[in-house]
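Dropping input-v1.txt in here (compact mmCIF, C-alpha atoms and all ligand atoms):
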# COMPACT_ATOMS: atom_id res chain seq x y z
CA MET T 1 81.73 -241.90 -153.60
CA LEU T 2 80.57 -239.15 -151.24
CA LYS T 3 79.27 -236.19 -153.27
CA LYS T 4 78.26 -233.91 -150.40
CA ALA T 5 79.04 -233.94 -146.69
CA ARG T 6 75.84 -234.09 -144.65
CA ILE T 7 75.58 -231.20 -142.20
CA ALA T 8 73.51 -230.98 -139.02
CA VAL T 9 72.95 -227.44 -137.73
CA PHE T 10 72.26 -227.14 -133.99
CA VAL T 11 70.16 -224.12 -132.98
CA SER T 12 68.26 -222.71 -130.01
CA GLY T 13 66.87 -219.34 -131.06
CA GLY T 14 66.29 -217.02 -133.99
CA GLY T 15 68.49 -218.88 -136.42
CA THR T 16 69.96 -216.04 -138.46
CA ASN T 17 73.19 -218.01 -138.80
CA LEU T 18 71.17 -221.00 -139.99
CA GLN T 19 69.57 -218.65 -142.53
CA ALA T 20 73.02 -217.61 -143.74
CA LEU T 21 73.81 -221.31 -144.32
CA ILE T 22 70.51 -221.86 -146.15
CA ASP T 23 71.19 -218.80 -148.33
CA ALA T 24 74.74 -220.01 -149.07
CA GLN T 25 73.42 -223.43 -150.08
CA ARG T 26 70.92 -221.75 -152.42
CA ALA T 27 73.58 -219.45 -153.85
CA GLY T 28 75.95 -222.39 -154.41
CA THR T 29 78.74 -221.01 -152.22
CA LEU T 30 78.03 -223.91 -149.87
CA HIS T 31 78.24 -226.74 -152.41
CA SER T 32 80.44 -229.41 -150.83
CA GLY T 33 77.96 -229.88 -148.01
CA GLU T 34 74.20 -230.19 -147.74
CA LEU T 35 72.00 -229.14 -144.84
CA ALA T 36 70.63 -232.51 -143.79
CA LEU T 37 69.18 -231.77 -140.35
CA VAL T 38 68.34 -228.83 -138.09
CA LEU T 39 68.33 -229.87 -134.44
CA SER T 40 66.95 -227.50 -131.84
CA SER T 41 67.33 -227.61 -128.07
CA ASN T 42 64.25 -225.39 -127.86
CA PRO T 43 60.87 -226.48 -129.26
CA GLY T 44 59.84 -222.82 -129.75
CA ALA T 45 62.94 -221.72 -131.68
CA TYR T 46 62.16 -219.60 -134.74
CA ALA T 47 65.09 -221.38 -136.42
CA LEU T 48 62.80 -224.42 -136.78
CA GLU T 49 60.43 -222.35 -138.95
CA ARG T 50 63.35 -221.30 -141.14
CA ALA T 51 64.37 -224.96 -141.54
CA LYS T 52 60.84 -226.04 -142.43
CA ALA T 53 60.49 -223.22 -144.96
CA ALA T 54 63.70 -224.45 -146.59
CA GLY T 55 62.55 -228.08 -146.59
CA ILE T 56 65.24 -229.28 -144.17
CA PRO T 57 64.31 -232.09 -141.72
CA THR T 58 64.11 -230.98 -138.09
CA ALA T 59 64.47 -232.58 -134.68
CA VAL T 60 63.93 -231.21 -131.18
CA CYS T 61 66.07 -232.46 -128.29
CA SER T 62 65.37 -230.48 -125.14
CA ARG T 63 67.70 -231.08 -122.18
CA LYS T 64 64.88 -230.00 -119.84
CA GLU T 65 62.29 -232.35 -121.33
CA LEU T 66 64.68 -235.32 -121.59
CA GLY T 67 65.63 -235.01 -117.92
CA THR T 68 69.31 -236.00 -117.90
CA GLN T 69 72.39 -235.06 -119.91
CA GLU T 70 72.75 -238.75 -120.90
CA ALA T 71 69.19 -238.94 -122.26
CA PHE T 72 69.65 -235.59 -124.04
CA GLU T 73 72.88 -236.65 -125.72
CA SER T 74 71.69 -240.10 -126.70
CA ALA T 75 68.64 -238.49 -128.35
CA ILE T 76 71.05 -236.26 -130.29
CA HIS T 77 73.23 -239.24 -131.28
CA ARG T 78 70.13 -241.05 -132.56
CA ALA T 79 68.99 -238.07 -134.64
CA LEU T 80 72.47 -237.69 -136.14
CA ALA T 81 72.63 -241.38 -137.02
CA ALA T 82 69.12 -241.33 -138.51
CA HIS T 83 70.19 -238.54 -140.86
CA ALA T 84 73.67 -239.96 -141.62
CA VAL T 85 75.38 -236.75 -140.56
CA HIS T 86 79.09 -236.13 -141.20
CA LEU T 87 79.58 -232.78 -139.44
CA ILE T 88 77.84 -230.57 -136.92
CA VAL T 89 77.58 -226.77 -136.99
CA LEU T 90 76.63 -225.06 -133.75
CA ALA T 91 74.77 -221.89 -134.77
CA GLY T 92 73.55 -220.25 -131.59
CA PHE T 93 73.14 -223.59 -129.77
CA MET T 94 72.75 -222.71 -126.11
CA SER T 95 72.84 -226.18 -124.49
CA ILE T 96 76.04 -227.67 -123.12
CA LEU T 97 77.52 -230.71 -124.86
CA SER T 98 79.64 -232.94 -122.61
CA ALA T 99 83.30 -233.77 -123.21
CA ASP T 100 82.14 -237.33 -123.86
CA PHE T 101 79.77 -236.20 -126.64
CA VAL T 102 82.39 -233.96 -128.19
CA SER T 103 84.97 -236.77 -128.16
CA TRP T 104 82.77 -238.70 -130.61
CA TRP T 105 83.14 -235.90 -133.19
CA PRO T 106 86.82 -234.86 -133.28
CA LYS T 107 87.33 -231.95 -135.71
CA ARG T 108 83.76 -232.50 -136.87
CA ILE T 109 81.96 -229.83 -134.81
CA LEU T 110 82.15 -226.14 -135.70
CA ASN T 111 80.92 -223.27 -133.52
CA VAL T 112 80.42 -219.60 -134.29
CA HIS T 113 81.20 -217.25 -131.40
CA PRO T 114 80.50 -213.51 -131.52
CA SER T 115 83.91 -212.19 -130.41
CA LEU T 116 87.56 -212.47 -131.34
CA ILE T 117 88.56 -215.49 -129.23
CA PRO T 118 90.35 -215.47 -126.73
CA SER T 119 88.53 -212.27 -125.77
CA PHE T 120 85.05 -212.48 -124.24
CA CYS T 121 84.62 -216.22 -124.50
CA GLY T 122 84.22 -219.30 -122.31
CA LYS T 123 81.72 -219.96 -119.55
CA GLY T 124 78.96 -217.34 -119.28
CA TYR T 125 79.79 -215.58 -122.56
CA TYR T 126 76.99 -216.16 -125.01
CA GLY T 127 74.63 -214.10 -127.17
CA LEU T 128 74.15 -210.49 -126.12
CA LYS T 129 76.30 -210.94 -122.98
CA VAL T 130 79.40 -211.10 -125.20
CA HIS T 131 78.66 -207.70 -126.71
CA GLU T 132 77.74 -206.18 -123.33
CA ALA T 133 81.13 -207.33 -122.02
CA ALA T 134 83.02 -205.93 -125.03
CA LEU T 135 81.32 -202.53 -124.64
CA ALA T 136 81.87 -202.51 -120.86
CA ARG T 137 85.60 -203.17 -121.39
CA GLY T 138 85.80 -200.37 -123.93
CA VAL T 139 87.51 -202.33 -126.71
CA LYS T 140 87.47 -200.60 -130.09
CA VAL T 141 87.47 -203.73 -132.24
CA THR T 142 85.55 -206.97 -131.80
CA GLY T 143 84.41 -209.58 -134.31
CA ALA T 144 83.50 -213.22 -134.68
CA THR T 145 85.31 -216.55 -134.61
CA VAL T 146 84.53 -219.95 -136.09
CA HIS T 147 86.38 -222.69 -134.25
CA PHE T 148 86.39 -226.45 -133.83
CA VAL T 149 84.65 -227.62 -130.67
CA ASN T 150 86.60 -229.62 -128.12
CA GLU T 151 86.06 -230.27 -124.40
CA ILE T 152 87.09 -226.72 -123.42
CA PRO T 153 84.30 -224.12 -123.85
CA ASP T 154 85.30 -221.94 -126.85
CA GLY T 155 88.79 -223.52 -126.58
CA GLY T 156 89.08 -225.53 -129.80
CA GLU T 157 91.30 -224.71 -132.77
CA ILE T 158 90.39 -221.48 -134.54
CA LEU T 159 89.41 -221.86 -138.19
CA LEU T 160 88.32 -218.35 -139.25
CA GLN T 161 88.10 -214.90 -137.64
CA LYS T 162 86.93 -211.50 -138.81
CA ALA T 163 87.26 -208.15 -137.04
CA VAL T 164 84.42 -205.63 -136.73
CA ASP T 165 84.74 -202.01 -135.55
CA ILE T 166 82.94 -200.80 -132.45
CA LEU T 167 81.42 -197.39 -133.12
CA PRO T 168 80.70 -194.51 -130.72
CA GLY T 169 77.25 -194.87 -129.15
CA ASP T 170 76.98 -198.60 -129.89
CA THR T 171 74.41 -200.53 -127.87
CA PRO T 172 74.82 -204.29 -127.34
CA GLU T 173 71.97 -204.85 -129.82
CA ALA T 174 73.49 -202.59 -132.50
CA LEU T 175 76.88 -204.23 -132.05
CA GLN T 176 75.40 -207.73 -132.19
CA LYS T 177 73.69 -206.87 -135.49
CA ARG T 178 76.90 -205.47 -137.03
CA VAL T 179 78.97 -208.47 -135.89
CA MET T 180 76.39 -210.83 -137.39
CA GLU T 181 76.13 -208.97 -140.70
CA GLN T 182 79.83 -208.28 -141.20
CA ALA T 183 81.37 -211.37 -139.67
CA GLU T 184 79.20 -214.32 -138.53
CA TRP T 185 77.02 -214.66 -141.63
CA VAL T 186 80.15 -214.46 -143.81
CA LEU T 187 82.41 -216.78 -141.83
CA LEU T 188 80.04 -219.58 -140.92
CA PRO T 189 79.01 -220.63 -144.47
CA ARG T 190 82.66 -220.32 -145.54
CA ALA T 191 83.80 -222.57 -142.67
CA ALA T 192 81.03 -225.10 -143.38
CA GLU T 193 82.17 -225.25 -147.01
CA LEU T 194 85.84 -225.66 -146.03
CA LEU T 195 85.16 -228.53 -143.62
CA SER T 196 82.68 -230.20 -146.01
CA ALA T 197 85.22 -230.10 -148.85
CA GLN T 198 87.86 -231.57 -146.53
CA ILE T 199 85.55 -234.42 -145.49
CA ILE T 200 84.79 -235.30 -149.12
CA GLN T 201 88.48 -235.25 -149.94
CA GLU T 202 89.29 -237.51 -146.97
CA LYS T 203 86.57 -240.01 -147.99
CA GLU T 204 87.86 -240.07 -151.57
CA GLY T 205 91.36 -240.77 -150.32
CA VAL T 206 90.24 -243.96 -148.52
C1 LIG W 301 74.93 -215.62 -132.58
O1 LIG W 301 75.40 -214.31 -132.39
C2 LIG W 301 76.00 -216.62 -132.18
O2 LIG W 301 77.29 -216.21 -132.49
C3 LIG W 301 75.81 -216.66 -130.69
O3 LIG W 301 74.40 -216.65 -130.52
C4 LIG W 301 73.79 -215.93 -131.60
C5 LIG W 301 72.72 -216.79 -132.23
O4 LIG W 301 71.97 -216.08 -133.18
N1 LIG W 301 76.42 -217.81 -130.12
C6 LIG W 301 77.06 -217.80 -128.94
O5 LIG W 301 77.10 -216.84 -128.22
C7 LIG W 301 77.73 -219.12 -128.56
N2 LIG W 301 78.64 -218.93 -127.47
P1 LIG W 301 71.12 -216.80 -134.31
O6 LIG W 301 70.19 -217.81 -133.61
O7 LIG W 301 70.33 -215.68 -134.93
O8 LIG W 301 72.06 -217.47 -135.28
Take the structure in this file and express it as structure tokens.
Ligand code: GAR
Amino acid sequence: MLKKARIAVFVSGGGTNLQALIDAQRAGTLHSGELALVLSSNPGAYALERAKAAGIPTAVCSRKELGTQEAFESAIHRALAAHAVHLIVLAGFMSILSADFVSWWPKRILNVHPSLIPSFCGKGYYGLKVHEAALARGVKVTGATVHFVNEIPDGGEILLQKAVDILPGDTPEALQKRVMEQAEWVLLPRAAELLSAQIIQEKEGV
């Protein structure tokens, strides 16, 4: 019987969303899943330090170093198999995954995006650029979305969303911080728990 779903977290940068998952695991709010692997597309990502400090195994798969998309994705597949992973959480993962890769993990990949999808999402909208675009458009409310990943960038089924106010004088950096604190770090651990619990239930039903 499967006690905990094994989660791989894919990162590329600072890893504050990874930290939120680590904290949730420690606090017991993430209890149906365990953080089994942190995979970074960037060998210098600070997220790798966070993983090591928490005792979570790490792997680095760099698209640039591996040369081709095929080599990159087969390295990822190997790492996932080696750690017997059940679900993947993209937490600031800035490399592209092909439709072929995604098709191997239907409803098993989650992504956190720093806007209320379908606003400010899709090709070219990532990280600070999302908040710059929201401020440039003059919207008064933004937020974050956790969605399943399919072959369409930011186009998979929405699982959770949370709105965040934009305040007068906001800079992209200030807005990014508020969206992370009020929405991303709350939603992502909750979504990881929901999907982990569902996976356990499905395995028990077999
Ligand atoms: C987060 O704001 C995440 O939502 C965003 O990158 C940041 C990563 O921060 N992801 C995207 O824009 C994906 N389209 P972190 O490394 O501190 O978690």
*Contacts of Val139 in chain T at 9 Å or less, counting all atoms listed in the file, minus same-chain residues fewer than 4 places along, as a ChimeraX atom specification?*
/T:134-135,166
Please, which residues in chain T fall within 9 Å of ligand LIG 301 (chain W) when counting all atoms listed in the file, and what is the closest atom pair and distance in Å to one decimal for each, ordered by chain then residue number, as JSON lines?
{"residue": "T:Val11", "atom": "CA", "partner": "W:LIG301", "partner_atom": "O6", "distance": 6.3}
{"residue": "T:Ser12", "atom": "CA", "partner": "W:LIG301", "partner_atom": "O6", "distance": 6.4}
{"residue": "T:Gly13", "atom": "CA", "partner": "W:LIG301", "partner_atom": "O6", "distance": 4.5}
{"residue": "T:Gly14", "atom": "CA", "partner": "W:LIG301", "partner_atom": "O6", "distance": 4.0}
{"residue": "T:Gly15", "atom": "CA", "partner": "W:LIG301", "partner_atom": "O6", "distance": 3.5}
{"residue": "T:Thr16", "atom": "CA", "partner": "W:LIG301", "partner_atom": "O7", "distance": 3.6}
{"residue": "T:Asn17", "atom": "CA", "partner": "W:LIG301", "partner_atom": "O8", "distance": 3.7}
{"residue": "T:Leu18", "atom": "CA", "partner": "W:LIG301", "partner_atom": "O8", "distance": 6.0}
{"residue": "T:Gln19", "atom": "CA", "partner": "W:LIG301", "partner_atom": "O8", "distance": 7.8}
{"residue": "T:Ala20", "atom": "CA", "partner": "W:LIG301", "partner_atom": "O8", "distance": 8.5}
{"residue": "T:Ala45", "atom": "CA", "partner": "W:LIG301", "partner_atom": "O6", "distance": 8.5}
{"residue": "T:Tyr46", "atom": "CA", "partner": "W:LIG301", "partner_atom": "O6", "distance": 8.3}
{"residue": "T:Ala47", "atom": "CA", "partner": "W:LIG301", "partner_atom": "O6", "distance": 6.8}
{"residue": "T:Leu90", "atom": "CA", "partner": "W:LIG301", "partner_atom": "C7", "distance": 8.0}
{"residue": "T:Ala91", "atom": "CA", "partner": "W:LIG301", "partner_atom": "O8", "distance": 5.2}
{"residue": "T:Gly92", "atom": "CA", "partner": "W:LIG301", "partner_atom": "C5", "distance": 3.6}
{"residue": "T:Phe93", "atom": "CA", "partner": "W:LIG301", "partner_atom": "C7", "distance": 6.5}
{"residue": "T:Met94", "atom": "CA", "partner": "W:LIG301", "partner_atom": "C7", "distance": 6.6}
{"residue": "T:Asn111", "atom": "CA", "partner": "W:LIG301", "partner_atom": "C7", "distance": 7.2}
{"residue": "T:Val112", "atom": "CA", "partner": "W:LIG301", "partner_atom": "O2", "distance": 5.0}
{"residue": "T:His113", "atom": "CA", "partner": "W:LIG301", "partner_atom": "O2", "distance": 4.2}
{"residue": "T:Pro114", "atom": "CA", "partner": "W:LIG301", "partner_atom": "O2", "distance": 4.3}
{"residue": "T:Ser115", "atom": "CA", "partner": "W:LIG301", "partner_atom": "O2", "distance": 8.0}
{"residue": "T:Cys121", "atom": "CA", "partner": "W:LIG301", "partner_atom": "N2", "distance": 7.2}
{"residue": "T:Gly122", "atom": "CA", "partner": "W:LIG301", "partner_atom": "N2", "distance": 7.6}
{"residue": "T:Lys123", "atom": "CA", "partner": "W:LIG301", "partner_atom": "N2", "distance": 8.6}
{"residue": "T:Gly124", "atom": "CA", "partner": "W:LIG301", "partner_atom": "N2", "distance": 8.3}
{"residue": "T:Tyr125", "atom": "CA", "partner": "W:LIG301", "partner_atom": "N2", "distance": 6.1}
{"residue": "T:Tyr126", "atom": "CA", "partner": "W:LIG301", "partner_atom": "O5", "distance": 3.3}
{"residue": "T:Gly127", "atom": "CA", "partner": "W:LIG301", "partner_atom": "O5", "distance": 3.8}
{"residue": "T:Leu128", "atom": "CA", "partner": "W:LIG301", "partner_atom": "O5", "distance": 7.3}
{"residue": "T:Lys129", "atom": "CA", "partner": "W:LIG301", "partner_atom": "O5", "distance": 7.9}
{"residue": "T:Val130", "atom": "CA", "partner": "W:LIG301", "partner_atom": "O5", "distance": 6.9}
{"residue": "T:Ala144", "atom": "CA", "partner": "W:LIG301", "partner_atom": "O2", "distance": 7.2}
{"residue": "T:Thr145", "atom": "CA", "partner": "W:LIG301", "partner_atom": "O2", "distance": 8.3}
{"residue": "T:Val146", "atom": "CA", "partner": "W:LIG301", "partner_atom": "O2", "distance": 8.9}
{"residue": "T:Pro153", "atom": "CA", "partner": "W:LIG301", "partner_atom": "N2", "distance": 8.5}
{"residue": "T:Asp154", "atom": "CA", "partner": "W:LIG301", "partner_atom": "N2", "distance": 7.3}
{"residue": "T:Gln176", "atom": "CA", "partner": "W:LIG301", "partner_atom": "O1", "distance": 6.6}
{"residue": "T:Lys177", "atom": "CA", "partner": "W:LIG301", "partner_atom": "O1", "distance": 8.2}
{"residue": "T:Val179", "atom": "CA", "partner": "W:LIG301", "partner_atom": "O1", "distance": 7.7}
{"residue": "T:Met180", "atom": "CA", "partner": "W:LIG301", "partner_atom": "O1", "distance": 6.2}
{"residue": "T:Glu184", "atom": "CA", "partner": "W:LIG301", "partner_atom": "O2", "distance": 6.6}
{"residue": "T:Trp185", "atom": "CA", "partner": "W:LIG301", "partner_atom": "O8", "distance": 8.5}
Deliver the residues from the most recent selection as a file, using C-alpha atoms, as a compact mmCIF listing (two decimals), in the coordinates of the input.
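Ended up saving to part-v8.txt:
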# COMPACT_ATOMS: atom_id res chain seq x y z
CA VAL T 11 70.16 -224.12 -132.98
CA SER T 12 68.26 -222.71 -130.01
CA GLY T 13 66.87 -219.34 -131.06
CA GLY T 14 66.29 -217.02 -133.99
CA GLY T 15 68.49 -218.88 -136.42
CA THR T 16 69.96 -216.04 -138.46
CA ASN T 17 73.19 -218.01 -138.80
CA LEU T 18 71.17 -221.00 -139.99
CA GLN T 19 69.57 -218.65 -142.53
CA ALA T 20 73.02 -217.61 -143.74
CA ALA T 45 62.94 -221.72 -131.68
CA TYR T 46 62.16 -219.60 -134.74
CA ALA T 47 65.09 -221.38 -136.42
CA LEU T 90 76.63 -225.06 -133.75
CA ALA T 91 74.77 -221.89 -134.77
CA GLY T 92 73.55 -220.25 -131.59
CA PHE T 93 73.14 -223.59 -129.77
CA MET T 94 72.75 -222.71 -126.11
CA ASN T 111 80.92 -223.27 -133.52
CA VAL T 112 80.42 -219.60 -134.29
CA HIS T 113 81.20 -217.25 -131.40
CA PRO T 114 80.50 -213.51 -131.52
CA SER T 115 83.91 -212.19 -130.41
CA CYS T 121 84.62 -216.22 -124.50
CA GLY T 122 84.22 -219.30 -122.31
CA LYS T 123 81.72 -219.96 -119.55
CA GLY T 124 78.96 -217.34 -119.28
CA TYR T 125 79.79 -215.58 -122.56
CA TYR T 126 76.99 -216.16 -125.01
CA GLY T 127 74.63 -214.10 -127.17
CA LEU T 128 74.15 -210.49 -126.12
CA LYS T 129 76.30 -210.94 -122.98
CA VAL T 130 79.40 -211.10 -125.20
CA ALA T 144 83.50 -213.22 -134.68
CA THR T 145 85.31 -216.55 -134.61
CA VAL T 146 84.53 -219.95 -136.09
CA PRO T 153 84.30 -224.12 -123.85
CA ASP T 154 85.30 -221.94 -126.85
CA GLN T 176 75.40 -207.73 -132.19
CA LYS T 177 73.69 -206.87 -135.49
CA VAL T 179 78.97 -208.47 -135.89
CA MET T 180 76.39 -210.83 -137.39
CA GLU T 184 79.20 -214.32 -138.53
CA TRP T 185 77.02 -214.66 -141.63
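Excluding Ser98 in chain T itself and any same-chain residue fewer than 3 positions from it, the protein and nucleic acid residues within 10 Å of it, counting all atoms listed in the file, are Gln69, Glu70, Glu73, Ser95, Phe101, Val102, Ser103, Asn150, Glu151 and Ile152 of chain T.
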*Residue nearest Ser74 in chain T among T:Trp104, T:Ala183, T:Ala51, T:Lys203 (counting all atoms listed in the file)*: T:Trp104
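A search radius of 8 Å centred on (79.8, -224.7, -142.3), applied to all atoms listed in the file, returns the residues Ile7, Leu21, Leu30, Gly33, Val89, Leu110, Leu188, Pro189, Arg190, Ala191, Ala192, Glu193, Leu194, Leu195 and Ser196 of chain T.
Note that CA of Ile158 in chain T and CA of Ala81 in chain T are 26.8 Å apart.
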*With only C-alpha atoms as the basis for distance, which of T:Leu39, T:Ile117, T:Leu167, T:Ile200 is at the shortest distance from Gly143 in chain T?*
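Using only C-alpha atoms, the shortest distance to Gly143 in chain T belongs to T:Ile117.
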